[in-house]
$ cat target_26.cif   # mmCIF, C-alpha atoms (C1' of nucleotides)
data_upload
loop_
_atom_site.group_PDB
_atom_site.id
_atom_site.type_symbol
_atom_site.label_atom_id
_atom_site.label_comp_id
_atom_site.auth_asym_id
_atom_site.auth_seq_id
_atom_site.Cartn_x
_atom_site.Cartn_y
_atom_site.Cartn_z
ATOM 1 C CA MET A 356 0.000 0.000 0.000
ATOM 2 C CA GLU A 357 1.608 3.199 -1.268
ATOM 3 C CA LYS A 358 1.676 6.231 0.938
ATOM 4 C CA GLU A 359 -0.679 8.910 -0.291
ATOM 5 C CA SER A 360 0.593 12.422 -1.014
ATOM 6 C CA SER A 361 -1.049 15.534 0.391
ATOM 7 C CA ILE A 362 -2.273 16.386 -3.104
ATOM 8 C CA GLN A 363 -3.869 12.988 -3.468
ATOM 9 C CA VAL A 364 -5.594 13.403 -0.136
ATOM 10 C CA LEU A 365 -7.101 16.714 -1.221
ATOM 11 C CA GLU A 366 -8.170 15.300 -4.569
ATOM 12 C CA ARG A 367 -9.761 12.280 -2.994
ATOM 13 C CA LYS A 368 -11.726 14.512 -0.629
ATOM 14 C CA GLY A 369 -12.655 16.976 -3.371
ATOM 15 C CA LEU A 370 -10.982 19.974 -1.752
ATOM 16 C CA LYS A 371 -9.054 22.711 -3.524
ATOM 17 C CA LYS A 372 -5.301 22.251 -3.540
ATOM 18 C CA THR A 373 -3.907 25.305 -1.802
ATOM 19 C CA LYS A 374 -0.426 25.872 -0.359
ATOM 20 C CA VAL A 375 -1.765 26.188 3.138
ATOM 21 C CA ARG A 376 -3.654 22.905 2.947
ATOM 22 C CA MET A 377 -0.784 20.985 1.485
ATOM 23 C CA ALA A 378 1.611 22.253 4.146
ATOM 24 C CA LEU A 379 -0.896 21.365 6.841
ATOM 25 C CA ILE A 380 -1.542 17.857 5.596
ATOM 26 C CA GLN A 381 2.155 17.179 5.080
ATOM 27 C CA HIS A 382 2.782 18.234 8.654
ATOM 28 C CA PHE A 383 0.002 16.042 9.991
ATOM 29 C CA MET A 384 1.362 13.082 8.076
ATOM 30 C CA MET A 385 4.807 13.580 9.602
ATOM 31 C CA MET A 386 3.685 13.778 13.220
ATOM 32 C CA ASN A 387 2.899 10.702 15.256
ATOM 33 C CA HIS A 388 0.995 12.657 17.859
ATOM 34 C CA ALA A 389 -1.862 15.138 17.980
ATOM 35 C CA GLN A 390 -1.304 18.800 17.154
ATOM 36 C CA SER A 391 -2.778 21.870 18.805
ATOM 37 C CA TYR A 392 -3.388 25.198 17.085
ATOM 38 C CA ASN A 393 -0.111 26.454 18.555
ATOM 39 C CA ASP A 394 1.838 23.395 17.440
ATOM 40 C CA LEU A 395 0.629 23.960 13.908
ATOM 41 C CA GLN A 396 1.341 27.680 13.886
ATOM 42 C CA GLU A 397 4.858 27.018 15.095
ATOM 43 C CA ALA A 398 5.385 24.296 12.508
ATOM 44 C CA LEU A 399 4.307 26.707 9.782
ATOM 45 C CA SER A 400 6.571 29.510 11.114
ATOM 46 C CA ASN A 401 3.605 31.538 12.381
ATOM 47 C CA GLU A 402 2.944 32.739 8.867
ATOM 48 C CA LEU A 403 -0.627 31.627 8.790
ATOM 49 C CA ASP A 404 -3.703 33.570 9.684
ATOM 50 C CA LYS A 405 -5.606 32.385 12.737
ATOM 51 C CA SER A 406 -8.997 32.086 11.110
ATOM 52 C CA THR A 407 -7.585 30.410 8.020
ATOM 53 C CA LEU A 408 -5.980 27.738 10.153
ATOM 54 C CA TYR A 409 -9.072 27.163 12.240
ATOM 55 C CA ARG A 410 -11.287 27.045 9.175
ATOM 56 C CA ASN A 411 -9.044 24.482 7.556
ATOM 57 C CA LEU A 412 -9.033 22.367 10.682
ATOM 58 C CA THR A 413 -12.811 22.480 10.755
ATOM 59 C CA ASN A 414 -13.049 21.518 7.091
ATOM 60 C CA PHE A 415 -10.490 18.754 7.377
ATOM 61 C CA GLU A 416 -12.396 17.326 10.290
ATOM 62 C CA LYS A 417 -15.669 17.515 8.402
ATOM 63 C CA VAL A 418 -14.356 15.487 5.467
ATOM 64 C CA GLY A 419 -12.418 13.094 7.684
ATOM 65 C CA ILE A 420 -8.825 14.039 6.905
ATOM 66 C CA ILE A 421 -8.159 14.658 10.593
ATOM 67 C CA HIS A 422 -10.081 14.151 13.809
ATOM 68 C CA ARG A 423 -10.397 16.399 16.799
ATOM 69 C CA ILE A 424 -9.364 15.262 20.253
ATOM 70 C CA ASN A 425 -10.436 16.769 23.517
ATOM 71 C CA ASP A 426 -8.010 16.085 26.334
ATOM 72 C CA ASP A 427 -8.537 17.862 29.648
ATOM 73 C CA THR A 428 -6.579 21.002 28.844
ATOM 74 C CA GLY A 429 -9.459 22.843 27.250
ATOM 75 C CA VAL A 430 -7.412 23.151 24.067
ATOM 76 C CA SER A 431 -8.416 21.048 21.078
ATOM 77 C CA LYS A 432 -5.862 18.847 19.401
ATOM 78 C CA TYR A 433 -6.016 17.290 15.980
ATOM 79 C CA ALA A 434 -4.548 14.113 14.563
ATOM 80 C CA PHE A 435 -4.266 12.719 11.064
ATOM 81 C CA GLY A 436 -6.771 10.109 10.052
ATOM 82 C CA GLU A 437 -10.450 9.319 10.074
ATOM 83 C CA PRO A 438 -12.325 10.112 13.214
ATOM 84 C CA PRO A 439 -13.016 7.078 15.397
ATOM 85 C CA ILE A 440 -16.363 5.766 14.253
ATOM 86 C CA HIS A 441 -18.235 2.711 15.361
ATOM 87 C CA GLY A 442 -16.298 -0.356 14.309
ATOM 88 C CA ASN A 443 -13.181 1.758 13.875
ATOM 89 C CA GLU A 444 -12.626 2.864 17.448
ATOM 90 C CA HIS A 445 -9.354 4.005 18.810
ATOM 91 C CA ALA A 446 -8.370 5.533 22.091
ATOM 92 C CA HIS A 447 -6.306 8.593 22.936
ATOM 93 C CA PHE A 448 -3.324 8.438 25.230
ATOM 94 C CA VAL A 449 -2.486 11.651 27.099
ATOM 95 C CA CYS A 450 0.961 11.860 28.689
ATOM 96 C CA GLU A 451 0.631 13.497 32.085
ATOM 97 C CA ASP A 452 4.222 14.743 31.942
ATOM 98 C CA CYS A 453 4.579 16.307 28.489
ATOM 99 C CA GLU A 454 0.869 16.679 27.621
ATOM 100 C CA THR A 455 1.434 14.944 24.301
ATOM 101 C CA VAL A 456 -1.566 13.117 22.877
ATOM 102 C CA TYR A 457 -1.192 9.906 20.857
ATOM 103 C CA CYS A 458 -3.760 7.783 19.090
ATOM 104 C CA VAL A 459 -3.621 4.155 20.192
ATOM 105 C CA GLU A 460 -5.415 1.029 19.095
ATOM 106 C CA GLU A 461 -8.397 0.172 21.221
ATOM 107 C CA LEU A 462 -8.270 -3.550 21.700
ATOM 108 C CA VAL A 463 -11.034 -4.213 24.172
ATOM 109 C CA PRO A 464 -14.189 -2.627 22.825
ATOM 110 C CA LEU A 465 -15.934 -2.131 26.107
ATOM 111 C CA GLN A 466 -19.689 -2.334 26.433
ATOM 112 C CA PRO A 467 -20.610 -0.030 29.292
ATOM 113 C CA ASN A 468 -23.992 -0.549 30.813
ATOM 114 C CA VAL A 469 -26.151 2.531 31.019
ATOM 115 C CA PRO A 470 -29.401 3.201 32.894
ATOM 116 C CA LYS A 471 -32.740 2.197 31.418
ATOM 117 C CA GLY A 472 -33.824 4.425 28.575
ATOM 118 C CA PHE A 473 -30.288 5.473 27.698
ATOM 119 C CA LYS A 474 -28.974 4.471 24.288
ATOM 120 C CA THR A 475 -25.238 4.195 23.675
ATOM 121 C CA LYS A 476 -24.034 5.305 20.249
ATOM 122 C CA LYS A 477 -20.307 5.547 20.690
ATOM 123 C CA VAL A 478 -17.669 5.319 23.375
ATOM 124 C CA GLN A 479 -14.657 7.597 23.641
ATOM 125 C CA THR A 480 -11.707 6.605 25.753
ATOM 126 C CA ILE A 481 -8.903 8.742 27.129
ATOM 127 C CA ILE A 482 -5.982 6.944 28.690
ATOM 128 C CA ARG A 483 -3.748 8.942 31.024
ATOM 129 C CA GLY A 484 -0.231 7.998 31.977
ATOM 130 C CA THR A 485 3.327 8.573 30.875
ATOM 131 C CA CYS A 486 4.594 8.171 27.341
ATOM 132 C CA ALA A 487 7.733 6.397 26.138
ATOM 133 C CA ASP A 488 9.718 9.657 26.034
ATOM 134 C CA CYS A 489 8.975 10.663 29.622
ATOM 135 C CA MET B 470 -26.933 5.547 55.532
ATOM 136 C CA GLU B 471 -28.186 9.053 56.278
ATOM 137 C CA LYS B 472 -27.912 11.727 53.629
ATOM 138 C CA GLU B 473 -25.312 14.303 54.515
ATOM 139 C CA SER B 474 -26.208 18.016 54.671
ATOM 140 C CA SER B 475 -24.259 20.701 52.859
ATOM 141 C CA ILE B 476 -22.939 21.931 56.213
ATOM 142 C CA GLN B 477 -21.712 18.485 57.092
ATOM 143 C CA VAL B 478 -19.945 18.212 53.761
ATOM 144 C CA LEU B 479 -18.102 21.467 54.356
ATOM 145 C CA GLU B 480 -17.185 20.471 57.917
ATOM 146 C CA ARG B 481 -15.916 17.100 56.820
ATOM 147 C CA LYS B 482 -13.749 18.734 54.175
ATOM 148 C CA GLY B 483 -12.544 21.459 56.547
ATOM 149 C CA LEU B 484 -13.915 24.346 54.477
ATOM 150 C CA LYS B 485 -15.537 27.499 55.800
ATOM 151 C CA LYS B 486 -19.328 27.433 55.797
ATOM 152 C CA THR B 487 -20.372 30.334 53.589
ATOM 153 C CA LYS B 488 -23.771 31.034 52.045
ATOM 154 C CA VAL B 489 -22.417 30.671 48.556
ATOM 155 C CA ARG B 490 -20.867 27.299 49.260
ATOM 156 C CA MET B 491 -23.929 25.917 50.951
ATOM 157 C CA ALA B 492 -26.153 27.018 48.100
ATOM 158 C CA LEU B 493 -23.774 25.470 45.601
ATOM 159 C CA ILE B 494 -23.508 22.155 47.375
ATOM 160 C CA GLN B 495 -27.249 21.949 47.927
ATOM 161 C CA HIS B 496 -27.767 22.521 44.240
ATOM 162 C CA PHE B 497 -25.231 19.872 43.285
ATOM 163 C CA MET B 498 -26.895 17.384 45.620
ATOM 164 C CA MET B 499 -30.256 18.010 43.982
ATOM 165 C CA MET B 500 -29.113 17.535 40.403
ATOM 166 C CA ASN B 501 -28.674 14.121 38.865
ATOM 167 C CA HIS B 502 -26.568 15.424 36.029
ATOM 168 C CA ALA B 503 -23.478 17.551 35.567
ATOM 169 C CA GLN B 504 -23.646 21.338 35.821
ATOM 170 C CA SER B 505 -21.874 23.953 33.735
ATOM 171 C CA TYR B 506 -20.921 27.424 34.937
ATOM 172 C CA ASN B 507 -24.041 28.767 33.247
ATOM 173 C CA ASP B 508 -26.297 26.135 34.781
ATOM 174 C CA LEU B 509 -25.040 27.112 38.195
ATOM 175 C CA GLN B 510 -25.360 30.851 37.640
ATOM 176 C CA GLU B 511 -28.919 30.366 36.506
ATOM 177 C CA ALA B 512 -29.737 28.158 39.466
ATOM 178 C CA LEU B 513 -28.397 30.829 41.803
ATOM 179 C CA SER B 514 -30.353 33.598 40.010
ATOM 180 C CA ASN B 515 -27.195 35.085 38.489
ATOM 181 C CA GLU B 516 -26.413 36.746 41.773
ATOM 182 C CA LEU B 517 -22.974 35.284 42.114
ATOM 183 C CA ASP B 518 -19.707 36.740 40.984
ATOM 184 C CA LYS B 519 -17.941 34.932 38.180
ATOM 185 C CA SER B 520 -14.614 34.535 39.906
ATOM 186 C CA THR B 521 -16.201 33.495 43.169
ATOM 187 C CA LEU B 522 -18.070 30.720 41.449
ATOM 188 C CA TYR B 523 -15.057 29.514 39.509
ATOM 189 C CA ARG B 524 -12.863 29.639 42.601
ATOM 190 C CA ASN B 525 -15.368 27.593 44.554
ATOM 191 C CA LEU B 526 -15.604 25.044 41.777
ATOM 192 C CA THR B 527 -11.813 24.753 41.754
ATOM 193 C CA ASN B 528 -11.692 24.358 45.530
ATOM 194 C CA PHE B 529 -14.528 21.847 45.613
ATOM 195 C CA GLU B 530 -12.778 19.819 42.987
ATOM 196 C CA LYS B 531 -9.489 19.960 44.878
ATOM 197 C CA VAL B 532 -11.008 18.539 48.049
ATOM 198 C CA GLY B 533 -13.180 16.060 46.196
ATOM 199 C CA ILE B 534 -16.655 17.461 46.764
ATOM 200 C CA ILE B 535 -17.249 17.582 43.033
ATOM 201 C CA HIS B 536 -15.399 16.398 39.965
ATOM 202 C CA ARG B 537 -14.857 18.119 36.664
ATOM 203 C CA ILE B 538 -16.000 16.568 33.419
ATOM 204 C CA ASN B 539 -14.797 17.414 29.967
ATOM 205 C CA ASP B 540 -17.280 16.577 27.273
ATOM 206 C CA ASP B 541 -16.596 17.756 23.733
ATOM 207 C CA THR B 542 -18.213 21.155 24.021
ATOM 208 C CA GLY B 543 -15.140 22.910 25.364
ATOM 209 C CA VAL B 544 -17.152 23.927 28.424
ATOM 210 C CA SER B 545 -16.361 22.223 31.716
ATOM 211 C CA LYS B 546 -19.116 20.570 33.659
ATOM 212 C CA TYR B 547 -19.130 19.554 37.281
ATOM 213 C CA ALA B 548 -20.898 16.802 39.140
ATOM 214 C CA PHE B 549 -21.332 15.990 42.802
ATOM 215 C CA GLY B 550 -19.098 13.328 44.233
ATOM 216 C CA GLU B 551 -15.508 12.175 44.390
ATOM 217 C CA PRO B 552 -13.586 12.318 41.171
ATOM 218 C CA PRO B 553 -13.178 8.941 39.521
ATOM 219 C CA ILE B 554 -9.956 7.506 40.867
ATOM 220 C CA HIS B 555 -8.381 4.157 40.236
ATOM 221 C CA GLY B 556 -10.589 1.484 41.718
ATOM 222 C CA ASN B 557 -13.479 3.921 41.806
ATOM 223 C CA GLU B 558 -13.996 4.514 38.114
ATOM 224 C CA HIS B 559 -17.159 5.742 36.570
ATOM 225 C CA ALA B 560 -17.999 6.847 33.075
ATOM 226 C CA HIS B 561 -19.762 9.922 31.758
ATOM 227 C CA PHE B 562 -22.739 9.726 29.489
ATOM 228 C CA VAL B 563 -23.257 12.679 27.122
ATOM 229 C CA CYS B 564 -26.660 12.981 25.493
ATOM 230 C CA GLU B 565 -26.182 14.043 21.881
ATOM 231 C CA ASP B 566 -29.619 15.646 21.785
ATOM 232 C CA CYS B 567 -29.787 17.746 24.944
ATOM 233 C CA GLU B 568 -26.084 17.876 25.793
ATOM 234 C CA THR B 569 -26.807 16.740 29.335
ATOM 235 C CA VAL B 570 -24.005 14.862 31.067
ATOM 236 C CA TYR B 571 -24.696 12.051 33.542
ATOM 237 C CA CYS B 572 -22.350 9.984 35.662
ATOM 238 C CA VAL B 573 -22.855 6.260 35.124
ATOM 239 C CA GLU B 574 -21.370 3.180 36.706
ATOM 240 C CA GLU B 575 -18.505 1.728 34.745
ATOM 241 C CA LEU B 576 -19.023 -1.987 34.837
ATOM 242 C CA VAL B 577 -16.355 -3.279 32.489
ATOM 243 C CA PRO B 578 -13.021 -1.898 33.683
ATOM 244 C CA LEU B 579 -11.259 -1.999 30.371
ATOM 245 C CA GLN B 580 -7.551 -2.617 30.109
ATOM 246 C CA PRO B 581 -6.419 -0.897 26.945
ATOM 247 C CA ASN B 582 -3.138 -2.006 25.506
ATOM 248 C CA VAL B 583 -0.664 0.775 24.851
ATOM 249 C CA PRO B 584 2.609 0.825 22.898
ATOM 250 C CA LYS B 585 5.867 -0.273 24.535
ATOM 251 C CA GLY B 586 7.187 2.264 27.009
ATOM 252 C CA PHE B 587 3.771 3.780 27.674
ATOM 253 C CA LYS B 588 2.404 3.453 31.210
ATOM 254 C CA THR B 589 -1.326 3.666 31.859
ATOM 255 C CA LYS B 590 -2.371 5.409 35.051
ATOM 256 C CA LYS B 591 -6.062 5.954 34.542
ATOM 257 C CA VAL B 592 -8.737 5.553 31.941
ATOM 258 C CA GLN B 593 -11.536 8.025 31.289
ATOM 259 C CA THR B 594 -14.585 7.018 29.335
ATOM 260 C CA ILE B 595 -17.158 9.187 27.620
ATOM 261 C CA ILE B 596 -20.271 7.476 26.322
ATOM 262 C CA ARG B 597 -22.300 9.284 23.692
ATOM 263 C CA GLY B 598 -25.888 8.554 22.853
ATOM 264 C CA THR B 599 -29.369 9.656 23.812
ATOM 265 C CA CYS B 600 -30.659 9.935 27.351
ATOM 266 C CA ALA B 601 -33.959 8.700 28.781
ATOM 267 C CA ASP B 602 -35.582 12.132 28.350
ATOM 268 C CA CYS B 603 -34.779 12.491 24.666
ATOM 269 C "C1'" DT C 394 -14.789 41.197 71.208
ATOM 270 C "C1'" DT C 395 -10.789 41.612 68.842
ATOM 271 C "C1'" DT C 396 -7.805 39.475 65.478
ATOM 272 C "C1'" DT C 397 -6.676 36.937 61.571
ATOM 273 C "C1'" DA C 398 -7.135 34.417 57.520
ATOM 274 C "C1'" DA C 399 -9.868 33.167 54.070
ATOM 275 C "C1'" DA C 400 -14.002 34.227 50.950
ATOM 276 C "C1'" DT C 401 -16.284 37.529 48.158
ATOM 277 C "C1'" DG C 402 -16.959 41.117 44.585
ATOM 278 C "C1'" DC C 403 -15.263 44.016 41.107
ATOM 279 C "C1'" DA C 404 -12.625 45.200 37.137
ATOM 280 C "C1'" DA C 405 -9.452 44.243 34.017
ATOM 281 C "C1'" DC C 406 -7.277 40.766 31.638
ATOM 282 C "C1'" DT C 407 -5.882 36.311 28.816
ATOM 283 C "C1'" DC C 408 -6.526 32.949 25.500
ATOM 284 C "C1'" DA C 409 -9.067 29.828 22.236
ATOM 285 C "C1'" DG C 410 -11.972 30.116 18.808
ATOM 286 C "C1'" DT C 411 -15.445 32.706 15.572
ATOM 287 C "C1'" DT C 412 -17.423 36.007 12.228
ATOM 288 C "C1'" DG C 413 -17.972 39.622 8.628
ATOM 289 C "C1'" DC C 414 -15.947 41.470 4.830
ATOM 290 C "C1'" DA C 415 -12.607 42.727 1.266
ATOM 291 C "C1'" DT C 416 -9.051 40.556 -1.515
ATOM 292 C "C1'" DT C 417 -6.728 36.778 -3.671
ATOM 293 C "C1'" DT C 418 -6.328 32.220 -5.616
ATOM 294 C "C1'" DG C 419 -7.747 27.821 -7.712
ATOM 295 C "C1'" DT C 420 -10.766 25.854 -10.867
ATOM 296 C "C1'" DT C 421 -14.215 25.870 -14.493
ATOM 297 C "C1'" DT C 422 -16.164 27.689 -18.685
ATOM 298 C "C1'" DT C 423 -15.976 29.891 -22.939
ATOM 299 C "C1'" DA D 1324 -5.575 31.638 -22.956
ATOM 300 C "C1'" DA D 1325 -8.798 34.771 -20.896
ATOM 301 C "C1'" DA D 1326 -12.885 35.596 -18.379
ATOM 302 C "C1'" DA D 1327 -15.917 34.270 -14.837
ATOM 303 C "C1'" DC D 1328 -17.067 32.115 -10.634
ATOM 304 C "C1'" DA D 1329 -16.684 30.095 -6.210
ATOM 305 C "C1'" DA D 1330 -14.026 29.094 -2.670
ATOM 306 C "C1'" DA D 1331 -9.809 30.205 0.295
ATOM 307 C "C1'" DT D 1332 -7.134 33.638 2.522
ATOM 308 C "C1'" DG D 1333 -6.047 37.628 5.506
ATOM 309 C "C1'" DC D 1334 -7.410 41.183 8.488
ATOM 310 C "C1'" DA D 1335 -9.823 43.175 12.250
ATOM 311 C "C1'" DA D 1336 -13.028 43.048 15.465
ATOM 312 C "C1'" DC D 1337 -15.556 40.221 18.343
ATOM 313 C "C1'" DT D 1338 -17.303 36.357 21.773
ATOM 314 C "C1'" DG D 1339 -17.190 33.519 25.751
ATOM 315 C "C1'" DA D 1340 -14.736 30.665 29.241
ATOM 316 C "C1'" DG D 1341 -11.842 31.139 32.652
ATOM 317 C "C1'" DT D 1342 -8.089 33.842 35.490
ATOM 318 C "C1'" DT D 1343 -5.792 37.381 38.359
ATOM 319 C "C1'" DG D 1344 -4.908 41.398 41.407
ATOM 320 C "C1'" DC D 1345 -6.764 44.003 44.849
ATOM 321 C "C1'" DA D 1346 -9.933 46.095 48.119
ATOM 322 C "C1'" DT D 1347 -13.735 44.723 51.162
ATOM 323 C "C1'" DT D 1348 -16.392 41.544 53.822
ATOM 324 C "C1'" DT D 1349 -17.236 37.479 56.555
ATOM 325 C "C1'" DA D 1350 -16.283 33.122 59.199
ATOM 326 C "C1'" DA D 1351 -13.767 31.217 62.668
ATOM 327 C "C1'" DA D 1352 -10.073 31.417 66.213
ATOM 328 C "C1'" DA D 1353 -7.983 33.705 70.113
#

$ encode --input "target_26.cif" --output "structure tokens"
Amino acid sequence: MEKESSIQVLERKGLKKTKVRMALIQHFMMMNHAQSYNDLQEALSNELDKSTLYRNLTNFEKVGIIHRINDDTGVSKYAFGEPPIHGNEHAHFVCEDCETVYCVEELVPLQPNVPKGFKTKKVQTIIRGTCADC
Amino acid sequence: MEKESSIQVLERKGLKKTKVRMALIQHFMMMNHAQSYNDLQEALSNELDKSTLYRNLTNFEKVGIIHRINDDTGVSKYAFGEPPIHGNEHAHFVCEDCETVYCVEELVPLQPNVPKGFKTKKVQTIIRGTCADC
DNA sequence: TTTTAAATGCAACTCAGTTGCATTTGTTTT
DNA sequence: AAAACAAATGCAACTGAGTTGCATTTAAAA
């Protein structure tokens, strides 16, 4: 399975191929952990407008290029790849030392029991601990 | 097992018994679902100062009267009771219709497998679906 | 009752994220 | 290849959650 280029990603999703988007996608493909707004700005030398970046993140999430992760910091982070949907679940590991967020395979798909009348649609898991670098 | 009063809670935790705190705790004890800053302001007729409320929430959380919950809205919610610690886990149910957050018993304590070098300390679970009222 | 420390209220601030609008760029049509 | 169109960008101003410093009040201790 060949690795897809940023251009191919944009074509496949039917989005315009702009410099900003290609740089963003290339960066996401390089990183093995989730990126915050600030991480991305820094990676792109702070040359990018705030609203442009946020709008691209929103669009990328909508079409499934990236997915948004909510750790406990109150700051959203984004990682490359489809959002975890039913049957394709994965968990997020938050390092308590360096705050880095990684996507990890979710092996045990837990079936929580909920009160009567409640219907479970999906389950999100956040694992907290220390990462390999800390 | 007798139900504890708000005064007793504050005494047990070694906190000063103020009107604001008693009103807050009484409200938390009444509600069966998590409360946001706005929920609490409304419940207290918007008579309370912003910083006072936030400082009390922070203190209550620190001593374990309430625990903070992070759903995906970016707005913190708080629920009565000890925070979920290891051996005392519970999950949070977020209704996708009304955005209400409930604490539910976590029956299956899942053991996610993480990459080599990663150490799991705790696992947080968010269940999404529809609640009994929706 | 006086003293002391902590809780409250107020105002000003920070920081993430959003919105409206003018300009530019990528893509489509002729 | 040029014109036309829609979507993407940049800018500025805004929103809303949460924080901080400081003066005043209140609960608890002496």

$ interface_residues --input "target_26.cif" --of "chain D" --to "chain A" --cutoff "9 Å" --atoms "all atoms listed in the file" --output "JSON, numbers by chain"
{"D": [1330, 1331, 1332, 1333, 1334]}

$ write_last_selection --input "target_26.cif" --atoms "C-alpha atoms (C1' of nucleotides)" --output "mmCIF file, in the frame of the given file"
data_model
loop_
_atom_site.group_PDB
_atom_site.id
_atom_site.type_symbol
_atom_site.label_atom_id
_atom_site.label_comp_id
_atom_site.auth_asym_id
_atom_site.auth_seq_id
_atom_site.Cartn_x
_atom_site.Cartn_y
_atom_site.Cartn_z
ATOM 1 C "C1'" DA D 1330 -14.026 29.094 -2.670
ATOM 2 C "C1'" DA D 1331 -9.809 30.205 0.295
ATOM 3 C "C1'" DT D 1332 -7.134 33.638 2.522
ATOM 4 C "C1'" DG D 1333 -6.047 37.628 5.506
ATOM 5 C "C1'" DC D 1334 -7.410 41.183 8.488
#

$ resolve_selection --input "target_26.cif" --expression "the PyMOL selection byres ((chain B and resi 601) around 7)" --output "PyMOL selection string"
(chain A and resi 472-473) or (chain B and resi 599-600+602-603)

$ resolve_selection --input "target_26.cif" --expression "the PyMOL selection byres ((chain A) within 9 of (chain B))" --output "VMD selection string"
chain A and resid 424 to 427 429 to 431 446 448 450 459 to 489

$ resolve_selection --input "target_26.cif" --expression "the PyMOL selection byres ((chain C) within 12 of (chain B))" --output "compact mmCIF listing (two decimals) with C-alpha atoms (C1' of nucleotides), keeping the file's coordinate frame"
# COMPACT_ATOMS: atom_id res chain seq x y z
C1' DA C 398 -7.14 34.42 57.52
C1' DA C 399 -9.87 33.17 54.07
C1' DA C 400 -14.00 34.23 50.95
C1' DT C 401 -16.28 37.53 48.16
C1' DG C 402 -16.96 41.12 44.58
C1' DC C 403 -15.26 44.02 41.11
C1' DA C 404 -12.62 45.20 37.14
C1' DA C 409 -9.07 29.83 22.24
C1' DG C 410 -11.97 30.12 18.81

$ residues_near_point --input "target_26.cif" --point "(-16.4, 16.0, 43.9)" --cutoff "9 Å" --atoms "only C-alpha atoms (C1' of nucleotides)" --output "VMD selection string"
chain B and resid 529 to 537 547 to 553

$ residues_around --input "target_26.cif" --residues "Asp508 of chain B" --least-positions-apart "2" --cutoff "12 Å" --atoms "only C-alpha atoms (C1' of nucleotides)" --output "list in words"
Leu493, His496, Phe497, Met500, His502, Ala503, Gln504, Ser505, Tyr506, Gln510, Glu511, Ala512, Leu513, Ser514, Asn515, Leu522, Val544, Ser545, Lys546, Tyr547, Ala548 and Thr569 of chain B

$ atom_distance --input "target_26.cif" --atom1 "atom CA of Val364 of chain A" --atom2 "atom CA of Ala378 of chain A"
12.2 Å

$ axis_aligned_box --input "target_26.cif" --around "segment 398-412 of chain C" --padding-each-side "3 Å" --output "lines of an AutoDock Vina configuration file"
center_x = -11.7
center_y = 37.5
center_z = 34.9
size_x = 17.5
size_y = 21.4
size_z = 51.3

$ atom_distance --input "target_26.cif" --atom1 "atom CA of Lys482 of chain B" --atom2 "atom CA of Met470 of chain B"
18.7 Å

$ atom_distance --input "target_26.cif" --atom1 "atom CA of Gln381 of chain A" --atom2 "atom CA of Glu402 of chain A"
16.0 Å

$ residues_near_point --input "target_26.cif" --point "(-10.3, 45.2, 36.0)" --cutoff "10 Å" --atoms "only C-alpha atoms (C1' of nucleotides)" --output "PyMOL selection string"
(chain C and resi 403-406) or (chain D and resi 1343-1345)

$ build_atoms --input "target_26.cif" --residues "segment 444-455 of chain A" --atoms "N, CA and C atoms" --output "PDB file, in the coordinates of the input"
ATOM      1  N   GLU A 444     -12.935   2.103  16.247  1.00  0.00           N
ATOM      2  CA  GLU A 444     -12.626   2.864  17.448  1.00  0.00           C
ATOM      3  C   GLU A 444     -11.128   2.891  17.710  1.00  0.00           C
ATOM      4  N   HIS A 445     -10.675   4.001  18.213  1.00  0.00           N
ATOM      5  CA  HIS A 445      -9.354   4.005  18.810  1.00  0.00           C
ATOM      6  C   HIS A 445      -9.381   4.913  20.022  1.00  0.00           C
ATOM      7  N   ALA A 446      -8.391   4.755  20.864  1.00  0.00           N
ATOM      8  CA  ALA A 446      -8.370   5.533  22.091  1.00  0.00           C
ATOM      9  C   ALA A 446      -7.303   6.613  21.988  1.00  0.00           C
ATOM     10  N   HIS A 447      -7.329   7.556  22.910  1.00  0.00           N
ATOM     11  CA  HIS A 447      -6.306   8.593  22.936  1.00  0.00           C
ATOM     12  C   HIS A 447      -5.523   8.516  24.232  1.00  0.00           C
ATOM     13  N   PHE A 448      -4.205   8.509  24.070  1.00  0.00           N
ATOM     14  CA  PHE A 448      -3.324   8.438  25.230  1.00  0.00           C
ATOM     15  C   PHE A 448      -2.776   9.835  25.504  1.00  0.00           C
ATOM     16  N   VAL A 449      -2.996  10.335  26.708  1.00  0.00           N
ATOM     17  CA  VAL A 449      -2.486  11.651  27.099  1.00  0.00           C
ATOM     18  C   VAL A 449      -1.354  11.466  28.096  1.00  0.00           C
ATOM     19  N   CYS A 450      -0.160  11.938  27.751  1.00  0.00           N
ATOM     20  CA  CYS A 450       0.961  11.860  28.689  1.00  0.00           C
ATOM     21  C   CYS A 450       0.800  12.945  29.747  1.00  0.00           C
ATOM     22  N   GLU A 451       0.846  12.536  31.002  1.00  0.00           N
ATOM     23  CA  GLU A 451       0.631  13.497  32.085  1.00  0.00           C
ATOM     24  C   GLU A 451       1.873  14.356  32.335  1.00  0.00           C
ATOM     25  N   ASP A 452       3.006  13.930  31.794  1.00  0.00           N
ATOM     26  CA  ASP A 452       4.222  14.743  31.942  1.00  0.00           C
ATOM     27  C   ASP A 452       4.325  15.808  30.854  1.00  0.00           C
ATOM     28  N   CYS A 453       4.306  15.373  29.593  1.00  0.00           N
ATOM     29  CA  CYS A 453       4.579  16.307  28.489  1.00  0.00           C
ATOM     30  C   CYS A 453       3.309  16.753  27.766  1.00  0.00           C
ATOM     31  N   GLU A 454       2.154  16.251  28.200  1.00  0.00           N
ATOM     32  CA  GLU A 454       0.869  16.679  27.621  1.00  0.00           C
ATOM     33  C   GLU A 454       0.660  16.207  26.175  1.00  0.00           C
ATOM     34  N   THR A 455       1.584  15.434  25.667  1.00  0.00           N
ATOM     35  CA  THR A 455       1.434  14.944  24.301  1.00  0.00           C
ATOM     36  C   THR A 455       0.282  13.951  24.205  1.00  0.00           C
TER      37      THR A 455
END
